[in-house]
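Okay, structure first, notes after.
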Amino acid sequence: MRTLTRLLAFLSPLRWRIALAILLGSVMLASSITLFGMAAYLIAAAALGPLLVLLSIPIYLVQTMGIARAASRYWERLVSHNTTLLLLARLRVWAYRRIEPQAPAHLLAHRSGDMLARLVSDIEELQNVYLRVVSPIVVALVIGLFTFGIFSIFSAGLAWVALAFLGVAGLGVPILSAALTRGLGEQQVAARAELNTQVVDGLQGVQDVLAFGRAHALLERVTACDHALGRVQLRMATISGLQMALGDLLMNMAMWVLIVLAIPLVATRYIDGVYLGAIGLLILASFEAVQPLAPAFQGLGRSLAAAGRVFAVADAPPPVIESADPQPVPTNMDYSGGYTLSFEHVHFTYRAGERETLSDINLDLRQGSRVAIVGASGAGKSTLGRLALRFWDPASGIIRMNGQDIRRYSLRDLRGLFGVVAQDTYIFNDTLRANLLLARPEASQAEIEAALEQAQLSEFVRQLPQGLKTWAGEQGLRLSGGERQRLAVARALLKNAPILILDEVTANLDPLTERALLAALDELARGRTTLQITHRLLEMERMDEVLVLHRGSIVERGTHNELLAAEGLYRRLFDVQQGVLTLS
């Protein structure tokens, strides 16, 4: 019930549009009922051979109702579907705004296919809450009263019988349908999400799947998910057939019962016999209002399950909370002497109860300095960069910028001061230009070309037939590893941020590409406060300070030469990479 209440709350800003759609729907059905009733009366009256002039009013009424029915149906469809699309747009924007602050922390707990299903299929499913639940229920109530009023003209008994049949069809059948489909809606949503996940995962990893000869296994998993979804849909279709049969049965029973009950009234001249056919057609037309209710209740469980999945991710508490009264970040400073970043006794763990990822980290990035964080994979190096960007907050300790706790700044302003080049920088399936402009949409062509030149990417772009209009492909797969990294460097150059975080940017590159990229990074870091995270001990001589991280703690610190002379962990790492020691 709470989920349904929350969904209905989204309708509040659109209440006048919804009221108009309900009014138009009621007018359409009332016109249809009147049209059928008057048509039956007109045929019966004409058979008795009266003067045509006596039938002029019923004729005009039939014509008017025919036009009103068509016009109101058109406008009702237009308004209701427009309202539904606006509602879905609001839901998508709302869900994205709620999910975005959770990135990347909470999103790591969901597979991409499952998240895609929640944001696309599940939200799309919520259109049924308005189209098939809210509007039909209100319209059915209005038309039920309208039908009761019409039959009251003939007889109170006929009116109550008609209302009883409409009640059974509009309430009894939906309740039965809801009972039979209990749990099926949740199963259908879950099965659809799992199928989505398997398909997306399979497509993203199709190269590896084919390389290892596991295409058949993947196809079996997708087929199993498809069969599971098909079984649920088959049960839903069976119940749909049953409810349609019950609806038609009740409709025809209502017609015959009312006609049979009306015959004695005609025989006693309580009702004119010319209205007997109208009574039958009036009740048939009235059932058009209640027939959509059974499918609505059948699909309500599915819609509520979809809403629950959307709310589950949207309601997750964000890993960081912005200040209610954020302080403006320092601006208009010379980058070579304007920004400092410090970690003071910082402790952090990703999940409660696990070993600390970082333990008592103390680190100072002076204005315009270059500091390297080195260590083996899993030592916690990348976590430092994520904390600086406030993707997470420390469990204890403080991170300061220019002496102020970074939690006092807004996330937008804080992250605007950082340029990040990472090993796994995401390249969008768009043009090279669009990928560059992600950093600064207002950048000029001259600034783009300067960034490409500094990143040593100009020659590559000039060789492309379409230049910057060339598409990078899904996750940049049309580019080599070195080209993707240099594109990331160019993007960071274009952003021109004062603080630079370089996170394993040369990993998995060949030596020649690595050297060329390091030259580009050296240009990028010039005049900026730079934190370089790496396990590759190259160009460490250029660093003002090198910190060695081991199991989340800083175990050594100093310049490159000082650490080599100390004969500690740094020296052993350096010797291994230089080939002096063997790993055996």
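Letters A, B, ... mark the chains of the structure tokens in the order given; residue numbers begin at 1 per chain; ligand numbers begin at 1, in order shown.
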I need the strand (DSSP E) residues of range 274-357 of chain A per DSSP on the backbone, written as a PyMOL selection string. chain A and resi 341-348
Closest contacts (range 67-130 of chain A/range 389-396 of chain A, max 8 Å, only C-alpha atoms) as a Markdown table:
| residue | atom | partner | partner_atom | distance |
| --- | --- | --- | --- | --- |
| A:Ala103 | CA | A:Phe391 | CA | 7.0 |
| A:Pro104 | CA | A:Phe391 | CA | 6.6 |
| A:Ala105 | CA | A:Phe391 | CA | 6.8 |
Rank nothing, just name the residue among A:Ile123, A:Asn561, A:Thr34, A:Ile22 nearest to Phe311 in chain A, using only C-alpha atoms. A:Ile123
Please provide the set of residues having any atom within 6 Å of Gly397 in chain A, restricted to only C-alpha atoms, with same-chain residues fewer than 5 positions apart removed, written as a list in words. Glu344, His345 and Val346 of chain A
Write the selection just made, keeping C-alpha atoms, as a PDB file, in the first residue's frame?
ATOM      1  CA  GLU A 344      44.861  13.979   8.146  1.00  0.00           C
ATOM      2  CA  HIS A 345      44.697  10.629  10.003  1.00  0.00           C
ATOM      3  CA  VAL A 346      42.312   9.200   7.414  1.00  0.00           C
TER       4      VAL A 346
END
With distances taken over only C-alpha atoms, which of A:Pro441, A:Tyr41, A:Leu464, A:Val79 is nearest to Leu20 in chain A? A:Val79
For range 255-308 of chain A against range 243-251 of chain A, with a cut-off of 12 Å and counting only C-alpha atoms, what is the closest atom pair and its distance in Å to one decimal for every residue that makes the cut, ordered by chain and number, as a Markdown table?
| residue | atom | partner | partner_atom | distance |
| --- | --- | --- | --- | --- |
| A:Met255 | CA | A:Met251 | CA | 6.4 |
| A:Trp256 | CA | A:Met251 | CA | 8.9 |
| A:Val257 | CA | A:Met251 | CA | 10.0 |
| A:Leu258 | CA | A:Met251 | CA | 10.8 |
| A:Gly280 | CA | A:Met251 | CA | 10.1 |
| A:Leu281 | CA | A:Met251 | CA | 10.5 |
| A:Leu282 | CA | A:Met251 | CA | 10.9 |
| A:Ile283 | CA | A:Met251 | CA | 7.6 |
| A:Leu284 | CA | A:Met251 | CA | 6.2 |
| A:Ala285 | CA | A:Met251 | CA | 9.2 |
| A:Ser286 | CA | A:Met251 | CA | 9.0 |
| A:Phe287 | CA | A:Met251 | CA | 6.5 |
| A:Glu288 | CA | A:Met251 | CA | 9.5 |
| A:Ala289 | CA | A:Gly247 | CA | 11.4 |
| A:Val290 | CA | A:Gly247 | CA | 8.8 |
| A:Gln291 | CA | A:Gly247 | CA | 6.5 |
| A:Pro292 | CA | A:Met244 | CA | 9.6 |
| A:Leu293 | CA | A:Gln243 | CA | 10.1 |
| A:Ala294 | CA | A:Gln243 | CA | 6.7 |
| A:Pro295 | CA | A:Gln243 | CA | 7.9 |
| A:Ala296 | CA | A:Gln243 | CA | 11.2 |
| A:Phe297 | CA | A:Gln243 | CA | 10.8 |
| A:Gln298 | CA | A:Gln243 | CA | 9.4 |
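Separating CA of Arg557 in chain A from CA of Glu545 in chain A is a distance of 7.0 Å.
Computed from the coordinates, the CA of Leu517 in chain A to CA of Gln532 in chain A distance equals 13.6 Å.
Across the structure, CA of Leu573 in chain A and CA of Ala376 in chain A are spaced 8.5 Å apart.
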Env of Phe146 in chain A: 9 Å cut, atoms = only C-alpha atoms, seq-sep filter 5 positions within chain, self excluded. Answer as a ChimeraX atom specification. /A:30,141,151
Show me, as a VMD selection string, the residues that have an atom within 10 Å of Thr513 in chain A when counting only C-alpha atoms, minus same-chain residues fewer than 3 positions from it. chain A and resid 481 to 483 485 to 486 506 508 to 510 516 to 519
Same residues, C-alpha atoms, output as a JSON list (two decimals), in the first residue's frame:
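Writing the result to part31.json gives the following:
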[["chain", "number", "residue", "atom", "x", "y", "z"],
["A", 481, "GLY", "CA", 44.65, 1.29, -25.36],
["A", 482, "GLY", "CA", 47.19, 4.07, -25.87],
["A", 483, "GLU", "CA", 44.77, 6.12, -27.97],
["A", 485, "GLN", "CA", 44.49, 6.96, -22.62],
["A", 486, "ARG", "CA", 45.75, 9.89, -24.65],
["A", 506, "THR", "CA", 50.04, 3.58, -18.00],
["A", 508, "ASN", "CA", 48.67, -2.51, -19.63],
["A", 509, "LEU", "CA", 50.45, -0.34, -22.22],
["A", 510, "ASP", "CA", 53.51, -1.33, -24.21],
["A", 516, "ALA", "CA", 54.87, 8.67, -25.04],
["A", 517, "LEU", "CA", 51.95, 8.87, -22.63],
["A", 518, "LEU", "CA", 54.24, 9.78, -19.72],
["A", 519, "ALA", "CA", 55.58, 12.67, -21.79]]
